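File shown: protein_5.pdb. Contents: PDB, C-alpha atoms and all ligand atoms.
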ATOM      1  CA  MET S  29     113.418  94.669 161.494  1.00  0.00           C
ATOM      2  CA  PHE S  30     114.504  92.695 158.503  1.00  0.00           C
ATOM      3  CA  GLU S  31     113.542  95.393 156.081  1.00  0.00           C
ATOM      4  CA  HIS S  32     115.215  98.040 158.165  1.00  0.00           C
ATOM      5  CA  ALA S  33     118.454  96.110 158.475  1.00  0.00           C
ATOM      6  CA  ALA S  34     118.434  95.071 154.865  1.00  0.00           C
ATOM      7  CA  ARG S  35     118.005  98.615 153.670  1.00  0.00           C
ATOM      8  CA  GLU S  36     120.840  99.850 155.839  1.00  0.00           C
ATOM      9  CA  LEU S  37     123.080  97.062 154.703  1.00  0.00           C
ATOM     10  CA  HIS S  38     122.359  97.962 151.140  1.00  0.00           C
ATOM     11  CA  LEU S  39     123.009 101.667 151.681  1.00  0.00           C
ATOM     12  CA  PHE S  40     126.158 100.909 153.558  1.00  0.00           C
ATOM     13  CA  LEU S  41     127.428  98.891 150.629  1.00  0.00           C
ATOM     14  CA  GLN S  42     126.708 101.633 148.184  1.00  0.00           C
ATOM     15  CA  VAL S  43     127.915 104.587 150.210  1.00  0.00           C
ATOM     16  CA  SER S  44     130.981 103.573 152.076  1.00  0.00           C
ATOM     17  CA  GLY S  45     132.525 100.622 150.392  1.00  0.00           C
ATOM     18  CA  LEU S  46     132.444  97.107 151.521  1.00  0.00           C
ATOM     19  CA  ALA S  47     133.302  96.941 155.182  1.00  0.00           C
ATOM     20  CA  LEU S  48     130.538  95.163 156.984  1.00  0.00           C
ATOM     21  CA  SER S  49     129.947  92.429 159.387  1.00  0.00           C
ATOM     22  CA  PHE S  50     127.493  89.946 160.714  1.00  0.00           C
ATOM     23  CA  VAL S  51     126.629  90.069 164.371  1.00  0.00           C
ATOM     24  CA  THR S  52     124.800  87.144 165.809  1.00  0.00           C
ATOM     25  CA  SER S  53     123.207  86.741 169.147  1.00  0.00           C
ATOM     26  CA  GLN S  54     120.814  84.173 170.445  1.00  0.00           C
ATOM     27  CA  ASN S  55     119.094  86.786 172.584  1.00  0.00           C
ATOM     28  CA  GLN S  56     118.294  89.300 169.939  1.00  0.00           C
ATOM     29  CA  PRO S  57     114.995  89.129 168.152  1.00  0.00           C
ATOM     30  CA  SER S  58     115.424  87.119 165.024  1.00  0.00           C
ATOM     31  CA  LEU S  59     115.914  88.968 161.804  1.00  0.00           C
ATOM     32  CA  PHE S  60     114.056  86.401 159.841  1.00  0.00           C
ATOM     33  CA  ASP S  61     111.308  85.462 162.240  1.00  0.00           C
ATOM     34  CA  SER S  62     112.589  81.994 162.646  1.00  0.00           C
ATOM     35  CA  GLU S  63     114.276  80.360 165.587  1.00  0.00           C
ATOM     36  CA  ASP S  64     117.033  79.096 163.416  1.00  0.00           C
ATOM     37  CA  SER S  65     117.990  82.459 162.043  1.00  0.00           C
ATOM     38  CA  ALA S  66     120.744  84.825 163.020  1.00  0.00           C
ATOM     39  CA  SER S  67     120.593  88.593 163.233  1.00  0.00           C
ATOM     40  CA  VAL S  68     122.551  90.839 160.963  1.00  0.00           C
ATOM     41  CA  GLU S  69     123.621  94.242 162.197  1.00  0.00           C
ATOM     42  CA  PHE S  70     126.420  96.728 161.914  1.00  0.00           C
ATOM     43  CA  THR S  71     129.201  96.822 164.387  1.00  0.00           C
ATOM     44  CA  ASN S  72     132.267  98.929 164.936  1.00  0.00           C
ATOM     45  CA  GLU S  73     134.506  95.918 165.090  1.00  0.00           C
ATOM     46  CA  SER S  74     133.545  95.063 161.565  1.00  0.00           C
ATOM     47  CA  VAL S  75     135.587  92.630 159.557  1.00  0.00           C
ATOM     48  CA  GLU S  76     136.370  93.883 156.114  1.00  0.00           C
ATOM     49  CA  PHE S  77     135.540  91.689 153.206  1.00  0.00           C
ATOM     50  CA  VAL S  78     134.326  92.042 149.708  1.00  0.00           C
ATOM     51  CA  TYR S  79     131.345  90.616 147.951  1.00  0.00           C
ATOM     52  CA  GLN S  80     131.923  91.279 144.338  1.00  0.00           C
ATOM     53  CA  ARG S  81     128.837  89.844 142.835  1.00  0.00           C
ATOM     54  CA  THR S  82     126.170  88.908 145.351  1.00  0.00           C
ATOM     55  CA  ASP S  83     123.707  91.432 146.690  1.00  0.00           C
ATOM     56  CA  LEU S  84     124.386  91.130 150.394  1.00  0.00           C
ATOM     57  CA  THR S  85     120.875  92.089 151.349  1.00  0.00           C
ATOM     58  CA  LYS S  86     119.922  88.746 149.884  1.00  0.00           C
ATOM     59  CA  VAL S  87     122.265  86.665 151.981  1.00  0.00           C
ATOM     60  CA  GLU S  88     120.462  84.985 154.845  1.00  0.00           C
ATOM     61  CA  VAL S  89     122.436  83.437 157.676  1.00  0.00           C
ATOM     62  CA  LYS S  90     120.675  80.679 159.579  1.00  0.00           C
ATOM     63  CA  ARG S  91     121.876  78.978 162.699  1.00  0.00           C
ATOM     64  CA  SER S  92     121.063  75.325 162.725  1.00  0.00           C
ATOM     65  CA  LYS S  93     121.257  72.864 165.597  1.00  0.00           C
ATOM     66  CA  ARG S  94     121.658  70.058 163.142  1.00  0.00           C
ATOM     67  CA  ALA S  95     124.579  71.632 161.296  1.00  0.00           C
ATOM     68  CA  LYS S  96     127.124  70.692 164.025  1.00  0.00           C
ATOM     69  CA  ARG S  97     130.329  71.643 162.253  1.00  0.00           C
ATOM     70  CA  ASN S  98     129.083  72.034 158.742  1.00  0.00           C
ATOM     71  CA  VAL S  99     128.616  75.358 157.082  1.00  0.00           C
ATOM     72  CA  THR S 100     126.556  75.165 153.952  1.00  0.00           C
ATOM     73  CA  ALA S 101     125.367  77.667 151.418  1.00  0.00           C
ATOM     74  CA  TYR S 102     122.839  77.418 148.673  1.00  0.00           C
ATOM     75  CA  ARG S 103     120.861  79.573 146.321  1.00  0.00           C
ATOM     76  CA  ASP S 104     117.149  79.885 146.802  1.00  0.00           C
ATOM     77  CA  ASN S 105     116.006  81.858 143.790  1.00  0.00           C
ATOM     78  CA  ASP S 106     117.726  85.225 144.167  1.00  0.00           C
ATOM     79  CA  LYS S 107     118.494  84.612 147.829  1.00  0.00           C
ATOM     80  CA  THR S 108     121.620  82.961 149.228  1.00  0.00           C
ATOM     81  CA  VAL S 109     121.112  80.939 152.395  1.00  0.00           C
ATOM     82  CA  VAL S 110     124.097  80.122 154.604  1.00  0.00           C
ATOM     83  CA  THR S 111     123.528  77.626 157.392  1.00  0.00           C
ATOM     84  CA  VAL S 112     125.970  77.642 160.289  1.00  0.00           C
ATOM     85  CA  PRO S 113     126.230  75.669 163.514  1.00  0.00           C
ATOM     86  CA  THR S 114     124.410  77.197 166.494  1.00  0.00           C
ATOM     87  CA  ARG S 115     127.540  77.936 168.480  1.00  0.00           C
ATOM     88  CA  MET S 116     129.763  79.255 165.736  1.00  0.00           C
ATOM     89  CA  ALA S 117     131.523  82.523 166.568  1.00  0.00           C
ATOM     90  CA  LYS S 118     130.564  85.640 164.681  1.00  0.00           C
ATOM     91  CA  ARG S 119     134.024  86.145 163.246  1.00  0.00           C
ATOM     92  CA  ASP S 120     134.044  82.616 161.861  1.00  0.00           C
ATOM     93  CA  ILE S 121     130.646  83.155 160.333  1.00  0.00           C
ATOM     94  CA  ASP S 122     131.925  86.238 158.521  1.00  0.00           C
ATOM     95  CA  ALA S 123     134.765  84.274 157.028  1.00  0.00           C
ATOM     96  CA  TYR S 124     132.607  81.341 156.010  1.00  0.00           C
ATOM     97  CA  VAL S 125     129.915  83.513 154.496  1.00  0.00           C
ATOM     98  CA  THR S 126     132.490  85.362 152.420  1.00  0.00           C
ATOM     99  CA  GLU S 127     134.141  82.194 151.248  1.00  0.00           C
ATOM    100  CA  LEU S 128     130.953  80.342 150.419  1.00  0.00           C
ATOM    101  CA  VAL S 129     129.218  83.230 148.706  1.00  0.00           C
ATOM    102  CA  ASN S 130     132.274  83.808 146.538  1.00  0.00           C
ATOM    103  CA  ARG S 131     132.416  80.121 145.706  1.00  0.00           C
ATOM    104  CA  LEU S 132     128.757  80.085 144.706  1.00  0.00           C
ATOM    105  CA  ASP S 133     129.382  83.153 142.559  1.00  0.00           C
ATOM    106  CA  ASP S 134     132.310  81.411 140.877  1.00  0.00           C
ATOM    107  CA  ARG S 135     130.185  78.369 140.213  1.00  0.00           C
ATOM    108  CA  ASP S 136     127.372  80.451 138.759  1.00  0.00           C
ATOM    109  CA  GLU S 137     129.815  82.295 136.563  1.00  0.00           C
ATOM    110  CA  ARG S 138     131.276  79.052 135.266  1.00  0.00           C
ATOM    111  CA  THR S 139     127.802  77.711 134.569  1.00  0.00           C
ATOM    112  CA  SER S 140     126.752  80.777 132.643  1.00  0.00           C
ATOM    113  CA  SER S 141     129.949  80.953 130.588  1.00  0.00           C
ATOM    114  CA  GLN S 142     129.560  77.243 129.857  1.00  0.00           C
ATOM    115  CA  LYS S 143     126.039  77.882 128.590  1.00  0.00           C
ATOM    116  CA  ALA S 144     127.295  80.785 126.499  1.00  0.00           C
ATOM    117  CA  LEU S 145     129.953  78.569 124.912  1.00  0.00           C
ATOM    118  CA  GLU S 146     127.428  75.874 124.046  1.00  0.00           C
ATOM    119  CA  GLN S 147     125.131  78.473 122.562  1.00  0.00           C
ATOM    120  CA  ARG S 148     127.977  79.907 120.529  1.00  0.00           C
ATOM    121  CA  ALA S 149     128.951  76.490 119.135  1.00  0.00           C
ATOM    122  CA  ARG S 150     125.312  75.793 118.358  1.00  0.00           C
ATOM    123  CA  SER S 151     124.844  78.976 116.325  1.00  0.00           C
ATOM    124  CA  LEU S 152     128.132  78.493 114.470  1.00  0.00           C
ATOM    125  CA  SER S 153     127.149  74.939 113.645  1.00  0.00           C
ATOM    126  CA  LEU S 154     123.761  76.014 112.338  1.00  0.00           C
ATOM    127  CA  LYS S 155     125.126  78.962 110.417  1.00  0.00           C
ATOM    128  CA  TYR S 156     128.125  77.343 108.700  1.00  0.00           C
ATOM    129  CA  LEU S 157     127.408  73.628 108.760  1.00  0.00           C
ATOM    130  CA  GLY S 158     123.668  73.753 108.302  1.00  0.00           C
ATOM    131  CA  GLN S 159     122.826  71.655 111.348  1.00  0.00           C
ATOM    132  CA  ASP S 160     123.093  71.799 115.099  1.00  0.00           C
ATOM    133  CA  LEU S 161     125.833  69.214 115.525  1.00  0.00           C
ATOM    134  CA  LEU S 162     125.544  69.443 119.289  1.00  0.00           C
ATOM    135  CA  LYS S 163     122.226  67.690 118.797  1.00  0.00           C
ATOM    136  CA  THR S 164     122.575  65.772 115.544  1.00  0.00           C
ATOM    137  CA  HIS S 165     125.910  64.044 116.240  1.00  0.00           C
ATOM    138  CA  LYS S 166     125.665  60.318 117.086  1.00  0.00           C
ATOM    139  CA  VAL S 167     126.417  61.077 120.735  1.00  0.00           C
ATOM    140  CA  PRO S 168     125.623  64.257 122.711  1.00  0.00           C
ATOM    141  CA  VAL S 169     128.374  66.813 122.162  1.00  0.00           C
ATOM    142  CA  LYS S 170     130.097  68.543 125.040  1.00  0.00           C
ATOM    143  CA  ILE S 171     132.268  71.561 124.352  1.00  0.00           C
ATOM    144  CA  ARG S 172     134.363  73.175 127.056  1.00  0.00           C
ATOM    145  CA  TRP S 173     137.346  75.349 127.856  1.00  0.00           C
ATOM    146  CA  VAL S 174     140.325  73.479 129.286  1.00  0.00           C
ATOM    147  CA  THR S 175     143.466  74.753 130.932  1.00  0.00           C
ATOM    148  CA  ASN S 176     145.595  71.654 130.347  1.00  0.00           C
ATOM    149  CA  GLN S 177     145.854  71.912 126.587  1.00  0.00           C
ATOM    150  CA  ASN S 178     148.922  73.907 125.693  1.00  0.00           C
ATOM    151  CA  SER S 179     150.099  72.441 122.421  1.00  0.00           C
ATOM    152  CA  ARG S 180     146.804  72.620 120.537  1.00  0.00           C
ATOM    153  CA  TRP S 181     144.145  75.276 120.240  1.00  0.00           C
ATOM    154  CA  GLY S 182     141.323  72.855 120.028  1.00  0.00           C
ATOM    155  CA  SER S 183     140.782  69.124 120.020  1.00  0.00           C
ATOM    156  CA  CYS S 184     137.934  66.814 119.292  1.00  0.00           C
ATOM    157  CA  THR S 185     137.120  63.201 120.132  1.00  0.00           C
ATOM    158  CA  PRO S 186     134.270  62.407 117.736  1.00  0.00           C
ATOM    159  CA  ASP S 187     133.343  59.052 119.303  1.00  0.00           C
ATOM    160  CA  GLU S 188     132.880  60.669 122.679  1.00  0.00           C
ATOM    161  CA  GLY S 189     131.450  63.869 121.294  1.00  0.00           C
ATOM    162  CA  THR S 190     133.919  66.013 123.213  1.00  0.00           C
ATOM    163  CA  ILE S 191     135.468  69.257 122.055  1.00  0.00           C
ATOM    164  CA  ARG S 192     138.111  71.003 124.135  1.00  0.00           C
ATOM    165  CA  LEU S 193     139.315  74.538 123.609  1.00  0.00           C
ATOM    166  CA  SER S 194     142.516  75.891 125.064  1.00  0.00           C
ATOM    167  CA  HIS S 195     141.863  78.637 127.577  1.00  0.00           C
ATOM    168  CA  ARG S 196     144.795  80.471 125.954  1.00  0.00           C
ATOM    169  CA  MET S 197     142.427  81.598 123.248  1.00  0.00           C
ATOM    170  CA  GLN S 198     140.015  83.261 125.629  1.00  0.00           C
ATOM    171  CA  ARG S 199     141.417  86.742 125.081  1.00  0.00           C
ATOM    172  CA  MET S 200     141.798  86.370 121.336  1.00  0.00           C
ATOM    173  CA  PRO S 201     139.432  88.019 118.844  1.00  0.00           C
ATOM    174  CA  SER S 202     136.047  86.327 118.444  1.00  0.00           C
ATOM    175  CA  TYR S 203     136.629  85.402 114.814  1.00  0.00           C
ATOM    176  CA  VAL S 204     139.681  83.367 115.880  1.00  0.00           C
ATOM    177  CA  ILE S 205     137.819  81.475 118.588  1.00  0.00           C
ATOM    178  CA  ASP S 206     134.881  80.927 116.247  1.00  0.00           C
ATOM    179  CA  SER S 207     137.217  79.533 113.620  1.00  0.00           C
ATOM    180  CA  VAL S 208     138.649  76.978 116.050  1.00  0.00           C
ATOM    181  CA  ILE S 209     135.148  76.035 117.203  1.00  0.00           C
ATOM    182  CA  VAL S 210     134.043  75.494 113.599  1.00  0.00           C
ATOM    183  CA  HIS S 211     137.254  73.534 112.917  1.00  0.00           C
ATOM    184  CA  GLU S 212     136.559  71.180 115.808  1.00  0.00           C
ATOM    185  CA  LEU S 213     132.859  70.874 114.967  1.00  0.00           C
ATOM    186  CA  ILE S 214     133.830  69.733 111.477  1.00  0.00           C
ATOM    187  CA  HIS S 215     136.042  67.061 113.030  1.00  0.00           C
ATOM    188  CA  LEU S 216     132.854  65.508 114.383  1.00  0.00           C
ATOM    189  CA  LEU S 217     132.076  64.782 110.730  1.00  0.00           C
ATOM    190  CA  VAL S 218     135.505  64.509 109.087  1.00  0.00           C
ATOM    191  CA  THR S 219     138.366  63.300 111.256  1.00  0.00           C
ATOM    192  CA  ASP S 220     141.286  64.284 109.018  1.00  0.00           C
ATOM    193  CA  HIS S 221     142.260  67.433 107.134  1.00  0.00           C
ATOM    194  CA  SER S 222     141.229  66.073 103.751  1.00  0.00           C
ATOM    195  CA  PRO S 223     139.603  68.101 100.950  1.00  0.00           C
ATOM    196  CA  ALA S 224     136.230  67.151 102.473  1.00  0.00           C
ATOM    197  CA  PHE S 225     137.316  68.879 105.654  1.00  0.00           C
ATOM    198  CA  TYR S 226     138.351  72.070 103.858  1.00  0.00           C
ATOM    199  CA  ALA S 227     135.219  72.080 101.763  1.00  0.00           C
ATOM    200  CA  LEU S 228     133.368  72.604 105.026  1.00  0.00           C
ATOM    201  CA  MET S 229     135.978  74.796 106.689  1.00  0.00           C
ATOM    202  CA  ASN S 230     135.938  77.254 103.801  1.00  0.00           C
ATOM    203  CA  LYS S 231     132.317  78.026 104.584  1.00  0.00           C
ATOM    204  CA  TYR S 232     133.602  79.977 107.533  1.00  0.00           C
ATOM    205  CA  PRO S 233     134.684  83.255 105.896  1.00  0.00           C
ATOM    206  CA  ASP S 234     137.394  84.276 108.373  1.00  0.00           C
ATOM    207  CA  HIS S 235     139.072  80.898 108.327  1.00  0.00           C
ATOM    208  CA  GLU S 236     142.274  82.099 106.573  1.00  0.00           C
ATOM    209  CA  LYS S 237     142.475  85.247 108.627  1.00  0.00           C
ATOM    210  CA  ALA S 238     142.113  83.247 111.843  1.00  0.00           C
ATOM    211  CA  LYS S 239     144.770  80.807 110.718  1.00  0.00           C
ATOM    212  CA  ALA S 240     147.158  83.689 110.039  1.00  0.00           C
ATOM    213  CA  TYR S 241     146.463  85.093 113.494  1.00  0.00           C
ATOM    214  CA  LEU S 242     147.118  81.752 115.186  1.00  0.00           C
ATOM    215  CA  ASP S 243     150.213  81.028 113.074  1.00  0.00           C
ATOM    216  CA  GLY S 244     151.609  84.417 114.014  1.00  0.00           C
ATOM    217  CA  TYR S 245     150.803  83.856 117.655  1.00  0.00           C
ATOM    218  CA  SER S 246     152.385  80.400 117.602  1.00  0.00           C
ATOM    219  CA  HIS S 247     155.442  81.677 115.845  1.00  0.00           C
ATOM    220  CA  ALA S 248     155.877  84.211 118.603  1.00  0.00           C
ATOM    221  CA  GLN S 249     155.218  81.706 121.331  1.00  0.00           C
ATOM    222  CA  GLN S 250     157.118  78.812 119.723  1.00  0.00           C
ATOM    223  CA  PHE S 251     155.670  76.227 122.020  1.00  0.00           C
ATOM    224  CA  LEU S 252     152.116  76.743 120.832  1.00  0.00           C
ATOM    225  CA  LYS S 253     151.172  75.098 117.570  1.00  0.00           C
ATOM    226  CA  PRO S 254     147.817  75.274 115.853  1.00  0.00           C
ATOM    227  CA  GLU S 255     146.266  71.882 115.370  1.00  0.00           C
TER
HETATM  228 ZN    ZN P 301     142.094  69.638 112.879  1.00  0.00          ZN
END
In structure tokens, write the structure found in this file.
Amino acid sequence: MFEHAARELHLFLQVSGLALSFVTSQNQPSLFDSEDSASVEFTNESVEFVYQRTDLTKVEVKRSKRAKRNVTAYRDNDKTVVTVPTRMAKRDIDAYVTELVNRLDDRDERTSSQKALEQRARSLSLKYLGQDLLKTHKVPVKIRWVTNQNSRWGSCTPDEGTIRLSHRMQRMPSYVIDSVIVHELIHLLVTDHSPAFYALMNKYPDHEKAKAYLDGYSHAQQFLKPE
């Protein structure tokens, strides 16, 4: 039954858009061969909702006597398990599943873009500064995008090993973002903008071009100034 339902669910998603629904019943044979599990089937009174990123055939809804009022969701390899209270109404389950699956997707996306940013900083550090400063700095370095930094493109607190990048750069060309990352990485070593700083900064070939881009952008925006 599971395979049958899963296949239909999958086809339904592909063929006719994203209207689908969970139907649960204590009396139906369990979809997942476990007493705690709920059945998933199609229904005419389907609630429309959209899963943008998770393969719905891999979402498993379990009813749990212990859950009381809590609805929880977690990833189990490529499967998403949502645990709901035994008596929860089908319509509520739909809403919770949607919400929680989307939240897990958001979290996964943040995690992967965070990893990508660290990797990017690491390669820039190795390529232009000859060492992986994320590792070799006196304290572990954390680099991240922030949304609360509107007057500077990047900032660095060397003692804490933190580098923050303004999310306003996210749609800018890569060479601009890379330039700001290199700039902030150098601040781990040289805190001011002395000749020692520029000796390192000039190793990044697009440094002047990036500065011109940011100056132009700031000029247009007035309130944004490059650090
Ligand atoms: Zn600076």
Rows by chain and residue number, chain S within 7 Å of ligand ZN 301 (chain P), shortest pair, all atoms listed in the file, as a tab-separated table:
residue	atom	partner	partner_atom	distance
S:His211	CA	P:ZN301	ZN	6.2
S:Glu212	CA	P:ZN301	ZN	6.4
S:His215	CA	P:ZN301	ZN	6.6
S:Asp220	CA	P:ZN301	ZN	6.7
S:His221	CA	P:ZN301	ZN	6.2
S:Glu255	CA	P:ZN301	ZN	5.4
**Item:** Distance of CA of Pro233 (chain S) from CA of Gly182 (chain S), expressed in Å to one decimal place
**Value:**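 CA of Gly182 (chain S) sits 18.8 Å away from CA of Pro233 (chain S).
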**Prompt:** What's the 8 Å shell around Leu162 (chain S), counting all atoms listed in the file, without same-chain residues fewer than 5 positions away, as number ranges by chain?
**Reply:** S: 149-150, 168-170
Contact check, region 118-215 of chain S to region 102-111 of chain S, at most 9 Å, counting all atoms listed in the file, closest pairs as a tab-separated table:
residue	atom	partner	partner_atom	distance
S:Tyr124	CA	S:Val110	CA	8.7
S:Val125	CA	S:Val110	CA	6.7
S:Leu128	CA	S:Val110	CA	8.0
S:Val129	CA	S:Thr108	CA	7.6
S:Leu132	CA	S:Tyr102	CA	7.6
**Request:** To one decimal in Å, tell me the separation between CA of Arg97 (chain S) and CA of Pro113 (chain S).
**Result:** 5.9 Å
**Request:** For each of S:Ser207, S:Thr185, S:Thr164, S:Ser92, take the minimum atom-to-atom distance to Thr219 (chain S), counting all atoms listed in the file, then give the residue where this is smallest.
**Result:**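 Ranking S:Ser207, S:Thr185, S:Thr164, S:Ser92 by distance to Thr219 (chain S), first place goes to S:Thr185.
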**Message:** Please list as a list in words every residue within 12 Å of region 136-138 of chain S, counting only C-alpha atoms and excluding residues in the same chain fewer than 6 positions away.
**Reply:** Arg81, Thr82, Tyr102, Arg103, Val129, Asn130, Ala144, Leu145, Arg172 and Trp173 of chain S
**Request:** Could you please determine the separation between CA of Ile191 (chain S) and CA of Leu213 (chain S) in Å, to one decimal place?
**Result:** 7.7 Å
**Request:** Select, from S:Val210, S:Leu193, S:Arg131, S:Asn176, the residue with the minimum atom-to-atom distance to Asn230 (chain S), counting all atoms listed in the file.
**Result:**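 Among S:Val210, S:Leu193, S:Arg131, S:Asn176, it is S:Val210 that comes nearest to Asn230 (chain S).
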**Asked** Counting only C-alpha atoms, what is within 8 Å of Thr114 (chain S), bar same-chain residues fewer than 6 positions away, as an NGL selection string?
**Response** :S and (91-93 or 95-96)
**Prompt:** With all atoms listed in the file as the atoms that count, which of S:Thr100, S:Lys166, S:Gln250, S:Pro201 lies nearest to Asn178 (chain S)?
**Reply:** S:Gln250
May I have the centre and edge lengths, in Å to one decimal, of an axis-aligned box around the listed atoms of region 105-121 of chain S with 4 Å added to every side, as lines of an AutoDock Vina configuration file?
center_x = 125.0
center_y = 80.9
center_z = 156.1
size_x = 26.0
size_y = 18.5
size_z = 32.7
**Item:** Expansion of the PyMOL selection byres (((chain S and resi 241-244) around 10) and not hetatm) into residues, as a ChimeraX atom specification
**Value:** /S:181,197,200-201,203-205,208,235-240,245-250,252-255
**Asked** Nearest to Ala101 (chain S) among S:Glu127, S:Arg119, S:Arg199, S:Thr85, with distances taken over only C-alpha atoms: which residue is it?
**Response**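 The closest residue to Ala101 (chain S) is S:Glu127.
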**Message:** With distances taken over all atoms listed in the file, which residue among S:Tyr232, S:Ser202, S:Ser183, S:Ile171 lies nearest Leu154 (chain S)?
**Reply:** S:Tyr232
